[in-house]
Structure formats: structure tokens, C-alpha cells
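Listing of entry.txt; format and content: compact mmCIF, C-alpha atoms.
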```
# COMPACT_ATOMS: atom_id res chain seq x y z
CA LEU R 593 -0.20 147.66 277.14
CA GLN R 594 1.19 148.19 280.64
CA ASN R 595 -1.84 150.28 281.55
CA VAL R 596 -4.46 147.61 280.79
CA ARG R 597 -2.79 144.70 282.58
CA ILE R 598 -4.10 143.65 285.98
CA ASP R 599 -1.16 145.04 287.87
CA PRO R 600 -1.18 147.40 290.87
CA SER R 601 1.08 149.80 288.95
CA SER R 602 -1.22 150.09 285.92
CA ILE R 603 -3.62 152.99 285.35
CA SER R 604 -6.62 150.70 284.96
CA PHE R 605 -5.96 148.67 288.14
CA SER R 606 -7.83 150.98 290.53
CA MET R 607 -10.73 151.09 288.04
CA TRP R 608 -10.75 147.28 287.97
CA LYS R 609 -10.44 146.88 291.75
CA ASP R 610 -13.13 149.35 292.85
CA ILE R 611 -15.30 150.10 289.86
CA PRO R 612 -15.78 153.89 289.89
CA VAL R 613 -18.57 153.85 287.32
CA PRO R 614 -21.97 154.69 288.85
CA PHE R 615 -24.04 151.58 288.17
CA TYR R 616 -27.81 151.52 288.55
CA MET R 617 -30.20 148.60 288.58
CA SER R 618 -33.72 149.46 287.39
CA VAL R 619 -36.40 146.87 288.17
CA TYR R 620 -39.78 146.65 286.44
CA PHE R 621 -42.52 144.37 287.79
CA PHE R 622 -45.41 142.85 285.87
CA GLU R 623 -48.61 143.22 287.88
CA VAL R 624 -51.33 140.66 287.13
CA LEU R 625 -54.59 142.60 286.69
CA ASN R 626 -56.96 139.61 286.39
CA PRO R 627 -55.78 136.86 288.79
CA LYS R 628 -59.27 135.36 289.26
CA ASP R 629 -59.74 135.06 285.50
CA VAL R 630 -56.33 133.40 285.12
CA LEU R 631 -57.45 130.70 287.57
CA GLN R 632 -60.37 130.04 285.22
CA GLY R 633 -58.07 129.54 282.25
CA GLU R 634 -58.16 133.10 280.86
CA LYS R 635 -55.14 134.88 279.37
CA PRO R 636 -53.15 136.89 281.97
CA VAL R 637 -53.41 140.68 281.63
CA LEU R 638 -50.21 142.41 282.74
CA ASN R 639 -49.34 145.96 283.69
CA GLN R 640 -45.70 147.05 283.94
CA ARG R 641 -44.81 148.86 287.19
CA GLY R 642 -41.62 150.79 287.83
CA PRO R 643 -38.83 151.42 287.47
CA TYR R 644 -37.67 150.86 291.04
CA VAL R 645 -34.09 152.10 290.85
CA TYR R 646 -31.12 151.02 292.98
CA ARG R 647 -27.63 152.51 293.10
CA GLU R 648 -25.19 149.65 292.78
CA PHE R 649 -21.71 149.67 294.29
CA ARG R 650 -19.22 146.99 293.23
CA TYR R 651 -15.90 146.25 294.86
CA LYS R 652 -13.41 143.38 294.94
CA THR R 653 -12.01 141.56 297.95
CA ASN R 654 -9.70 138.58 298.52
CA ILE R 655 -7.53 139.71 295.58
CA THR R 656 -4.78 137.09 295.31
CA PHE R 657 -2.09 136.98 292.62
CA HIS R 658 -0.80 133.56 291.54
CA ASP R 659 2.44 132.39 289.94
CA ASN R 660 0.70 131.27 286.73
CA ASP R 661 -0.17 134.80 285.55
CA THR R 662 -3.64 134.75 287.12
CA VAL R 663 -5.43 136.59 289.92
CA SER R 664 -8.46 135.47 291.90
CA PHE R 665 -11.04 137.70 293.57
CA LEU R 666 -14.55 138.00 294.96
CA GLU R 667 -16.67 140.87 293.69
CA TYR R 668 -19.42 142.13 295.97
CA ARG R 669 -22.51 144.17 295.15
CA LYS R 670 -24.39 146.53 297.44
CA LEU R 671 -27.72 148.02 296.39
CA PHE R 672 -29.36 151.16 297.74
CA PHE R 673 -32.87 152.26 296.78
CA GLN R 674 -33.08 155.62 294.97
CA PRO R 675 -36.55 157.15 295.57
CA ASP R 676 -35.82 160.23 293.44
CA LEU R 677 -35.06 158.09 290.38
CA SER R 678 -37.92 155.63 290.89
CA SER R 679 -41.54 155.61 289.79
CA GLY R 680 -42.87 154.35 293.08
CA THR R 681 -41.66 153.13 296.46
CA GLU R 682 -40.69 149.78 297.94
CA ASP R 683 -43.85 149.96 300.08
CA GLU R 684 -46.20 149.73 297.08
CA TYR R 685 -48.29 146.58 296.75
CA ILE R 686 -48.28 144.50 293.56
CA VAL R 687 -50.31 141.42 292.65
CA VAL R 688 -47.95 138.71 291.39
CA PRO R 689 -47.97 134.90 291.21
CA ASN R 690 -47.27 133.11 294.47
CA ILE R 691 -43.88 132.12 293.10
CA LEU R 692 -43.03 129.68 295.88
CA MET R 693 -46.39 127.90 295.69
CA MET R 694 -46.74 127.83 291.89
CA GLY R 695 -43.13 126.80 291.43
CA ALA R 696 -43.43 124.00 293.99
CA ALA R 697 -46.67 122.79 292.36
CA VAL R 698 -44.99 122.36 288.97
CA MET R 699 -41.92 120.79 290.59
CA MET R 700 -44.17 118.24 292.37
CA GLU R 701 -46.32 117.44 289.31
CA ASN R 702 -44.87 113.95 288.87
CA LEU R 703 -44.85 113.00 292.56
CA PRO R 704 -47.46 110.57 293.95
CA ASN R 705 -51.00 111.96 294.26
CA PHE R 706 -51.06 111.61 298.04
CA VAL R 707 -48.07 113.98 298.32
CA LYS R 708 -49.83 116.55 296.14
CA LEU R 709 -53.01 116.13 298.18
CA LEU R 710 -51.01 116.72 301.37
CA LEU R 711 -49.57 119.89 299.86
CA SER R 712 -53.01 121.03 298.71
CA GLY R 713 -54.38 120.51 302.23
CA ALA R 714 -51.44 122.34 303.75
CA LEU R 715 -51.92 125.24 301.34
CA ALA R 716 -55.56 125.50 302.33
CA GLY R 717 -54.64 125.45 306.02
CA LEU R 718 -52.08 128.19 305.49
CA LYS R 719 -54.58 130.15 303.35
CA GLN R 720 -52.13 130.15 300.44
CA GLU R 721 -53.44 131.30 297.06
CA ALA R 722 -52.05 131.18 293.53
CA PHE R 723 -51.62 134.98 293.45
CA ILE R 724 -50.44 137.22 296.28
CA ASN R 725 -50.51 140.94 297.01
CA ARG R 726 -47.09 141.88 298.39
CA THR R 727 -44.94 145.00 298.52
CA VAL R 728 -42.07 145.58 296.13
CA GLY R 729 -39.62 145.33 299.02
CA GLU R 730 -41.05 141.99 300.16
CA ILE R 731 -40.96 140.45 296.71
CA MET R 732 -37.37 141.54 296.18
CA TRP R 733 -35.74 141.23 299.60
CA GLY R 734 -37.87 138.55 301.20
CA TYR R 735 -40.80 137.92 303.52
CA GLU R 736 -41.56 135.32 306.14
CA ASP R 737 -43.66 132.53 304.67
CA PRO R 738 -44.76 129.42 306.63
CA LEU R 739 -45.00 127.62 303.29
CA VAL R 740 -41.19 127.34 303.26
CA ASP R 741 -41.17 125.14 306.36
CA THR R 742 -44.20 123.19 305.13
CA ILE R 743 -42.54 122.30 301.82
CA ASN R 744 -39.35 121.32 303.65
CA MET R 745 -41.41 119.02 305.85
CA LEU R 746 -43.43 117.39 303.03
CA VAL R 747 -40.61 117.05 300.49
CA PRO R 748 -37.22 117.39 302.23
CA GLY R 749 -34.58 118.82 299.91
CA LEU R 750 -37.00 120.31 297.39
CA ILE R 751 -35.90 123.83 298.37
CA PRO R 752 -32.51 124.40 300.09
CA PHE R 753 -33.44 127.41 302.22
CA LYS R 754 -35.46 128.27 305.30
CA GLY R 755 -37.37 131.25 306.62
CA LYS R 756 -37.65 134.17 304.22
CA PHE R 757 -38.32 133.95 300.50
CA GLY R 758 -37.46 136.74 298.03
CA LEU R 759 -36.32 136.93 294.42
CA PHE R 760 -33.27 139.12 295.14
CA ILE R 761 -32.65 138.03 298.72
CA GLU R 762 -29.21 136.59 297.86
CA LEU R 763 -28.16 139.44 295.57
CA ASN R 764 -27.54 142.30 298.00
CA ASN R 765 -24.27 142.26 299.96
CA SER R 766 -23.24 139.09 298.15
CA ASN R 767 -20.59 138.03 295.65
CA SER R 768 -20.90 136.34 292.27
CA GLY R 769 -18.46 133.54 293.03
CA LEU R 770 -14.68 133.22 293.05
CA PHE R 771 -13.32 134.31 289.68
CA THR R 772 -9.74 133.54 288.64
CA VAL R 773 -8.68 135.52 285.56
CA ASN R 774 -5.53 136.13 283.56
CA THR R 775 -3.51 139.23 284.47
CA GLY R 776 -1.99 139.72 281.01
CA MET R 777 1.50 140.16 282.50
CA LYS R 778 2.97 137.50 280.19
CA ASN R 779 0.34 137.42 277.44
CA ILE R 780 -1.68 140.62 276.98
CA SER R 781 -4.11 138.89 274.62
CA ARG R 782 -5.33 136.80 277.60
CA VAL R 783 -5.86 139.67 280.07
CA HIS R 784 -9.21 139.41 281.94
CA MET R 785 -9.99 136.02 280.36
CA VAL R 786 -11.49 133.63 282.93
CA ASP R 787 -9.23 130.78 284.03
CA SER R 788 -11.80 129.31 286.45
CA TRP R 789 -14.97 130.16 288.38
CA ASN R 790 -15.38 128.71 291.88
CA GLY R 791 -12.48 126.44 290.97
CA LEU R 792 -14.29 125.06 287.92
CA LYS R 793 -13.01 125.08 284.33
CA LYS R 794 -16.57 124.37 283.19
CA VAL R 795 -19.99 124.10 284.84
CA ASN R 796 -22.27 121.06 284.91
CA TYR R 797 -25.71 122.67 284.56
CA TRP R 798 -26.24 121.82 280.90
CA ARG R 799 -26.43 118.81 278.59
CA SER R 800 -23.49 119.51 276.28
CA SER R 801 -19.80 120.24 276.81
CA GLU R 802 -20.09 123.34 274.62
CA CYS R 803 -22.89 124.84 276.73
CA ASN R 804 -21.01 124.08 279.96
CA MET R 805 -17.86 125.91 278.87
CA ILE R 806 -16.73 129.00 280.78
CA ASN R 807 -15.68 131.35 278.00
CA GLY R 808 -14.52 134.95 277.77
CA THR R 809 -14.04 137.36 280.66
CA ALA R 810 -15.93 138.10 283.87
CA GLY R 811 -17.88 140.76 281.97
CA GLU R 812 -15.99 143.83 283.20
CA MET R 813 -13.15 144.34 280.71
CA TRP R 814 -11.76 142.58 277.63
CA PRO R 815 -8.32 142.21 276.04
CA PRO R 816 -7.09 145.27 274.10
CA PHE R 817 -7.04 145.71 270.32
CA MET R 818 -10.49 144.23 269.86
CA SER R 819 -11.74 143.26 266.41
CA PRO R 820 -15.27 144.17 265.29
CA THR R 821 -16.58 140.60 265.53
CA SER R 822 -17.80 139.41 268.92
CA LEU R 823 -17.04 139.30 272.64
CA GLU R 824 -17.71 136.68 275.30
CA PHE R 825 -18.25 136.69 279.05
CA TYR R 826 -19.40 134.28 281.74
CA SER R 827 -22.54 135.30 283.64
CA PRO R 828 -23.14 133.60 287.00
CA ASP R 829 -26.68 135.09 286.99
CA ALA R 830 -27.50 133.27 283.74
CA CYS R 831 -25.33 130.25 284.68
CA ARG R 832 -23.68 130.29 281.25
CA SER R 833 -21.29 132.02 278.92
CA MET R 834 -22.76 134.57 276.54
CA THR R 835 -21.55 135.83 273.19
CA LEU R 836 -22.44 139.32 271.97
CA VAL R 837 -21.90 140.38 268.36
CA TYR R 838 -20.58 143.59 266.83
CA GLU R 839 -23.30 145.97 265.61
CA GLN R 840 -21.63 149.31 264.80
CA SER R 841 -18.80 151.71 265.54
CA GLY R 842 -19.42 154.99 267.31
CA LYS R 843 -18.13 157.40 269.92
CA PHE R 844 -18.98 157.92 273.57
CA LYS R 845 -18.10 161.45 274.68
CA GLY R 846 -15.23 161.59 272.22
CA VAL R 847 -13.97 158.06 272.89
CA PRO R 848 -14.16 155.61 269.92
CA THR R 849 -16.31 152.55 270.68
CA TYR R 850 -17.56 149.30 269.25
CA ARG R 851 -21.15 148.47 270.11
CA PHE R 852 -21.88 144.81 270.86
CA VAL R 853 -25.43 143.44 271.12
CA ALA R 854 -27.15 140.11 271.71
CA PRO R 855 -27.65 138.00 268.58
CA LYS R 856 -31.16 136.71 267.90
CA THR R 857 -29.85 133.22 268.63
CA LEU R 858 -28.81 134.00 272.24
CA PHE R 859 -31.94 132.44 273.78
CA ALA R 860 -33.08 130.47 270.72
CA ASN R 861 -34.17 126.88 271.27
CA GLY R 862 -32.32 123.86 269.92
CA THR R 863 -34.61 123.56 266.90
CA ASP R 864 -33.95 127.09 265.65
CA TYR R 865 -30.27 127.06 266.68
CA PRO R 866 -28.78 123.55 267.16
CA PRO R 867 -25.79 124.66 269.33
CA ASN R 868 -28.34 125.65 272.01
CA GLU R 869 -29.73 122.12 272.21
CA GLY R 870 -27.55 121.61 275.27
CA PHE R 871 -29.58 124.22 277.18
CA CYS R 872 -32.79 122.23 276.67
CA PRO R 873 -35.39 120.92 277.52
CA CYS R 874 -36.61 123.91 275.53
CA MET R 875 -39.91 125.54 274.79
CA GLN R 876 -40.40 128.36 272.28
CA SER R 877 -37.40 130.29 270.99
CA GLY R 878 -36.50 133.37 272.97
CA ILE R 879 -36.57 131.89 276.47
CA GLN R 880 -33.95 129.82 278.25
CA ASN R 881 -34.78 127.20 280.84
CA VAL R 882 -32.58 127.89 283.90
CA SER R 883 -34.27 125.39 286.22
CA THR R 884 -31.12 123.26 286.45
CA CYS R 885 -29.24 126.12 288.13
CA ARG R 886 -32.25 127.57 290.00
CA LEU R 887 -33.14 124.75 292.40
CA ASN R 888 -35.10 122.97 289.61
CA ALA R 889 -37.80 125.65 289.82
CA PRO R 890 -39.63 126.25 286.49
CA MET R 891 -37.81 129.51 285.81
CA PHE R 892 -36.87 130.98 282.43
CA ILE R 893 -34.80 134.00 281.40
CA SER R 894 -35.34 136.10 278.30
CA HIS R 895 -35.04 139.58 276.91
CA PRO R 896 -37.59 142.02 278.42
CA HIS R 897 -41.12 141.79 277.01
CA PHE R 898 -39.97 138.68 275.10
CA TYR R 899 -38.04 140.86 272.66
CA ASN R 900 -36.53 138.71 269.86
CA ALA R 901 -38.67 135.76 271.00
CA ASP R 902 -41.33 133.61 269.37
CA PRO R 903 -44.47 135.79 268.94
CA ALA R 904 -46.47 133.01 270.62
CA LEU R 905 -44.90 133.99 273.95
CA VAL R 906 -46.01 137.62 273.57
CA ASN R 907 -49.48 136.60 272.42
CA ALA R 908 -49.99 134.24 275.38
CA VAL R 909 -50.41 137.25 277.67
CA LYS R 910 -51.72 140.79 277.29
CA GLY R 911 -49.72 143.92 278.06
CA LEU R 912 -46.32 143.26 276.47
CA HIS R 913 -44.80 145.64 273.93
CA PRO R 914 -41.32 144.47 272.87
CA SER R 915 -39.06 147.04 271.20
CA LYS R 916 -35.36 147.28 270.41
CA ASP R 917 -34.98 150.78 271.87
CA GLN R 918 -36.32 149.82 275.30
CA HIS R 919 -35.52 146.13 275.64
CA ALA R 920 -32.31 145.31 273.75
CA LEU R 921 -29.04 145.05 275.69
CA PHE R 922 -25.77 146.60 274.53
CA LEU R 923 -22.12 147.15 275.45
CA ASP R 924 -20.07 150.07 274.08
CA VAL R 925 -16.39 149.13 274.42
CA HIS R 926 -13.23 151.12 273.65
CA PRO R 927 -11.58 148.69 271.22
CA MET R 928 -7.97 149.76 271.89
CA THR R 929 -8.16 149.03 275.66
CA GLY R 930 -11.14 146.65 275.92
CA ILE R 931 -12.72 148.85 278.62
CA PRO R 932 -16.53 149.35 278.48
CA MET R 933 -17.56 153.00 278.26
CA ASN R 934 -21.35 152.61 278.36
CA CYS R 935 -23.59 149.59 278.88
CA SER R 936 -27.10 148.43 279.63
CA ILE R 937 -27.57 144.73 280.34
CA LYS R 938 -31.23 143.68 280.48
CA LEU R 939 -32.81 140.38 281.48
CA GLN R 940 -36.34 139.21 282.24
CA LEU R 941 -37.29 136.58 284.82
CA ASN R 942 -40.24 134.34 283.97
CA LEU R 943 -42.19 131.61 285.78
CA TYR R 944 -43.88 128.69 284.05
CA ILE R 945 -47.32 128.20 285.60
CA LYS R 946 -50.02 125.63 284.87
CA GLN R 947 -52.83 123.60 286.38
CA VAL R 948 -51.40 120.71 288.38
CA SER R 949 -53.69 117.76 289.00
CA GLY R 950 -54.25 117.18 292.71
CA ILE R 951 -53.39 120.73 293.77
CA ILE R 952 -56.66 122.64 293.76
CA GLN R 953 -55.02 126.03 294.28
CA THR R 954 -53.74 125.94 290.67
CA GLY R 955 -57.34 126.09 289.42
CA LYS R 956 -57.69 125.77 285.63
CA ILE R 957 -54.61 127.79 284.76
CA THR R 958 -53.66 127.48 281.10
CA PRO R 959 -49.95 126.63 280.79
CA VAL R 960 -48.05 129.86 280.19
CA VAL R 961 -44.59 131.34 280.66
CA LEU R 962 -45.52 134.33 282.79
CA PRO R 963 -43.18 137.36 283.01
CA LEU R 964 -42.45 138.32 286.63
CA LEU R 965 -40.05 141.24 286.26
CA TRP R 966 -37.21 142.55 284.17
CA PHE R 967 -34.18 144.55 285.19
CA ALA R 968 -31.53 146.69 283.54
CA GLU R 969 -28.03 147.13 284.96
CA SER R 970 -26.65 150.29 283.40
CA GLY R 971 -23.54 152.40 283.79
CA SER R 972 -21.19 154.71 281.91
CA ILE R 973 -17.78 156.25 282.55
CA GLU R 974 -18.10 159.94 283.37
CA GLY R 975 -16.57 162.88 285.28
CA SER R 976 -12.96 162.76 286.42
CA VAL R 977 -12.67 159.06 285.57
CA LEU R 978 -13.67 159.80 281.97
CA ASN R 979 -11.19 162.71 281.79
CA GLN R 980 -8.34 160.56 283.12
CA PHE R 981 -9.27 157.72 280.77
CA TYR R 982 -9.48 160.03 277.76
CA THR R 983 -6.18 161.76 278.52
CA ASN R 984 -4.07 158.70 279.35
CA LEU R 985 -5.56 156.04 277.12
CA VAL R 986 -6.94 157.98 274.14
CA LEU R 987 -5.41 161.45 273.77
CA ILE R 988 -1.75 160.69 274.62
CA PRO R 989 -1.60 157.46 272.52
CA SER R 990 -3.19 159.36 269.62
CA LEU R 991 -0.63 162.17 269.91
CA LEU R 992 2.21 159.66 270.01
CA ASP R 993 0.73 157.98 266.95
CA TYR R 994 0.60 161.29 265.08
CA LEU R 995 4.13 162.21 266.20
CA GLN R 996 5.62 159.05 264.75
CA TYR R 997 4.18 159.96 261.34
CA ILE R 998 5.48 163.52 261.70
CA PHE R 999 8.96 162.22 262.53
CA LEU R 1000 8.71 159.78 259.66
CA GLY R 1001 7.70 162.60 257.33
CA LEU R 1002 10.62 164.75 258.50
CA SER R 1003 13.08 161.91 258.17
CA VAL R 1004 12.33 161.24 254.50
CA PRO R 1005 13.79 164.54 253.20
CA LEU R 1006 16.84 164.04 255.42
CA ILE R 1007 17.41 160.57 254.00
CA ILE R 1008 17.04 161.87 250.45
CA SER R 1009 19.44 164.74 251.16
CA ALA R 1010 21.99 162.38 252.64
CA ALA R 1011 21.71 160.10 249.64
CA VAL R 1012 22.26 163.06 247.22
CA LEU R 1013 25.27 164.28 249.13
CA MET R 1014 26.80 160.83 249.02
```
In C-alpha cells, what does this structure look like?
Amino acid sequence: LQNVRIDPSSISFSMWKDIPVPFYMSVYFFEVLNPKDVLQGEKPVLNQRGPYVYREFRYKTNITFHDNDTVSFLEYRKLFFQPDLSSGTEDEYIVVPNILMMGAAVMMENLPNFVKLLLSGALAGLKQEAFINRTVGEIMWGYEDPLVDTINMLVPGLIPFKGKFGLFIELNNSNSGLFTVNTGMKNISRVHMVDSWNGLKKVNYWRSSECNMINGTAGEMWPPFMSPTSLEFYSPDACRSMTLVYEQSGKFKGVPTYRFVAPKTLFANGTDYPPNEGFCPCMQSGIQNVSTCRLNAPMFISHPHFYNADPALVNAVKGLHPSKDQHALFLDVHPMTGIPMNCSIKLQLNLYIKQVSGIIQTGKITPVVLPLLWFAESGSIEGSVLNQFYTNLVLIPSLLDYLQYIFLGLSVPLIISAAVLM
């Protein structure tokens, strides 16, 4: 118990503070092969490109212990491109939707016609099109786009940034918010459980108190002596708490594990799973509307290739092939300590596109939730860290467990002998 508390003297503290596990983020893009046909109302044809692999380093700063058995911290991520592990380079060009333009068009759909006409004229002047041909690096880490300043001028406050636009521009060298979690010093069953995030006990993105709750841990470790039922964690990337369910027991390099996976209801809509009604307005099951925490842009998250989603989403485009082996997420956790041994967390980012009256650049696009990319964050304990973990938290406790039965077995004859002699 002492070794899994968040305490500088515990064995697991250094592992918690500077995660020694080699994490990798693999990114797969969906290239649009027929952009001109899509503008005429045809079904998008997609081709998966990648993976583009990044080594991910995580470390904690501003670690502050509090009197109420909690500790607060900021966890930073740094990403470094790994050419030898990637199927391509960051300099490769890919045809994707003009996310900024298409997103702004849908966001402005209900504004007065003259505003949309002004935007349409500005788009023509800037030679903006519905689909762009940009490099992987530009799409991820940002590129200068005069459309940013134009949108800020036409509709102040619609987008809260200036200059560059990129999907992952705020991910690298950034933190995931100020977490305050329980240390387990007084109550080991609460160790790693989130007390607050950015000072909040719950978020205000969603339409129900249940959906706004911050449940579970920060997604790194869990309390010890886990039961084979479920585990929870709060994900700032998804703006919500997530519950994974037990699938099976197994072993990872000799260490006993419980495997937890996403239930089919994770991204279900409110019709198929009423508790998710608070995440609506919803569309088909299998996608979650995250516009309320993504600047009101028409963005959705899902499993890759719409795995576990309504078949209508897969059939609305060509080129998707959902499968459990490639697209399901999982966590393998050592149940005695609550420490993950092996994991692969996968999410897909999607953009809702459609024809918007008054904005000619949207052509005759048939409304569709279009996959942009999916990524997998994967890591497993290995090397010296695995050896130390196995020795201190698996082997020695097991030996002590066996010894107590040996001593118990030896003590029985002695007790019987003493009773006879008496």
C-alpha cells in the first residue's frame, strides 16, 4: 500500500512524476480522393495515409501537496517525429477538407444572408476552396492562413485565435490542465482519484449534471485491488469522463492484468443509450458531438473507422474498414496496484460538412460526417522499469503471500502437538 501512494518515498512516485514508459502517438490521415465529385454531391472516397509516428514524453511540473490529502500538478507532453517508424514524412501533401472554411460555413449557417455573402466574397478573394492540399506537418502543427483574420473581422469572437491554424497546434509542449488528485495517504481507495480539474468539480460543456461530472482518475493509474468490473477517468481531450468495462484477465510479460475496453455505449446517442442524452444534440450512434468544447465548430469524436458506430456512418463514405483488432482501444492494468502495463487509446476526429446556402464554396455537398484523422496513443512498461515493477510489486508480495501459508502450515502441527501434550 505504501508503494502505490503518491508520496515521494513510494516506489511508484518516480514513475508517476516522470512517466518512464515510452509512449508513441501514431496519426493516420484520411485523404479525399474525389474532392470535385464531393462538391457535386457525390459520396467522399477516402484513402488512409500513415501512420505518422511521434515519440511522446510526459512529465509533471508544479507538483504541490495540500493538507487535505491531495496533490495538484500540470502534466506536459512533448512530441518528436519518428521517421524510422512512420510510413511517410511530414513533408508529404494530403488533400483534406478546408477545416477552417468548412467549419466556419456550418457555424455561420443561421446568420443573416448578407454576412454569408460577405464571407463568400472574401473566400473568393482569398482563393479559398472547400478542399486543400497541405503537408502533414502543416495540417498538424499549423500554417499561416489569411482566412483567420478575415473571419475575425467579419464575425468577431467566432474563433478565439489568430495567425496559424493547425489541428494539433496546441498539443505539443502544452499541458492538459491543472489536475488535483487524491494522494491515498489517508484513504488508499481514493488514490489517484480526481478531486478537481482546473479548479472545477464538474465541467459545464454538457446538458446534464451526470455528463458534466468529473469521475475517476486522470487516466494514468487507479486505486489498488481493482475488481473486474469497470474503471473511469477524465479526458480533457474528449471533454468528459469515460468508463471502460472489464473484458478479460491475462498476463503482460508475467504480470497479471485485467483488460478494460470501451463499451458499445461509449459514444452512443441518447436514443440508443438514454444516459448519453446530455451529450446531445446527437446524430447517429457512434459519434459524439464535441462542438461545445471545441469553439462550437462542427466536430465529432468516434472510434477509428466508425468502429462500433451506426453502419450508416460507414456507408456514407467509401474507404472505411472498421475492425476490433485495429480500431478498438484497451487498457491492461495490474489489478493489485492499479498501474497500467500496456495500453492503446484510439480516437478519430471528424468534421460535419454540408452545403450552406449563400456560401458558394460549399457547392452541393451532401451532409456527411467526414473522418479527418485518427490517432493511437500507445505504451507499455518494459526494460528495467518492468524488472523493478515485477520484483517489488509482484514477485516479493507473491513470495510473502506464499510464506504466510507455509508458516500457517507449519504452525498447525505445533498447535496440535501442544494441545496433546497439555
Of the candidates R:Gly950, R:Gly791, R:Pro896, R:Gly862, which shows the shortest atom-to-atom distance to R:Leu912, using all atoms listed in the file? R:Pro896
Would you please work out which residue, of R:Asn744, R:Ser972, R:Gln840, R:Gln674, is nearest to R:Ala696 when using all atoms listed in the file?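 For R:Ala696, the nearest of the candidates is R:Asn744.
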Kindly provide the residues of stretch 891-980 of chain R that approach stretch 730-733 of chain R to within 12 Å, each paired with its closest atom pair and their distance in Å to one decimal, based on only C-alpha atoms, listed by chain and increasing number, as CSV.
```
residue,atom,partner,partner_atom,distance
R:Leu964,CA,R:Ile731,CA,10.4
R:Leu965,CA,R:Met732,CA,10.3
R:Phe967,CA,R:Met732,CA,11.8
```
One-decimal distance in Å that lies between atom CA of R:Ala901 and atom CA of R:Asn807: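 For atom CA of R:Asn807 relative to atom CA of R:Ala901, the distance reads 24.4 Å.
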Which polymer residues have any atom within 7 Å of an atom of stretch 601-617 of chain R, counting all atoms listed in the file, with same-chain residues fewer than 3 positions away left out, as a list in words?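 After dropping sequence-adjacent residues, the list is Gln594, Asn595, Val596, Arg597, Ile598, Val645, Tyr646, Arg647, Glu648, Phe649, Arg650, Tyr651, Lys652, Phe967, Ala968, Glu969, Ser970, Gly971, Ser972 and Ile973 of chain R.
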Residues near stretch 869-875 of chain R, cut-off 7 Å, only C-alpha atoms, skip fewer than 2 positions along chain, as an mmCIF file with C-alpha atoms, in the coordinates of the input:
```
data_model
loop_
_atom_site.group_PDB
_atom_site.id
_atom_site.type_symbol
_atom_site.label_atom_id
_atom_site.label_comp_id
_atom_site.auth_asym_id
_atom_site.auth_seq_id
_atom_site.Cartn_x
_atom_site.Cartn_y
_atom_site.Cartn_z
ATOM 1 C CA TRP R 798 -26.240 121.820 280.900
ATOM 2 C CA ARG R 799 -26.430 118.810 278.590
ATOM 3 C CA SER R 800 -23.490 119.510 276.280
ATOM 4 C CA CYS R 803 -22.890 124.840 276.730
ATOM 5 C CA ASN R 861 -34.170 126.880 271.270
ATOM 6 C CA GLY R 862 -32.320 123.860 269.920
ATOM 7 C CA PRO R 866 -28.780 123.550 267.160
ATOM 8 C CA PRO R 867 -25.790 124.660 269.330
ATOM 9 C CA SER R 877 -37.400 130.290 270.990
ATOM 10 C CA ASN R 881 -34.780 127.200 280.840
#
```
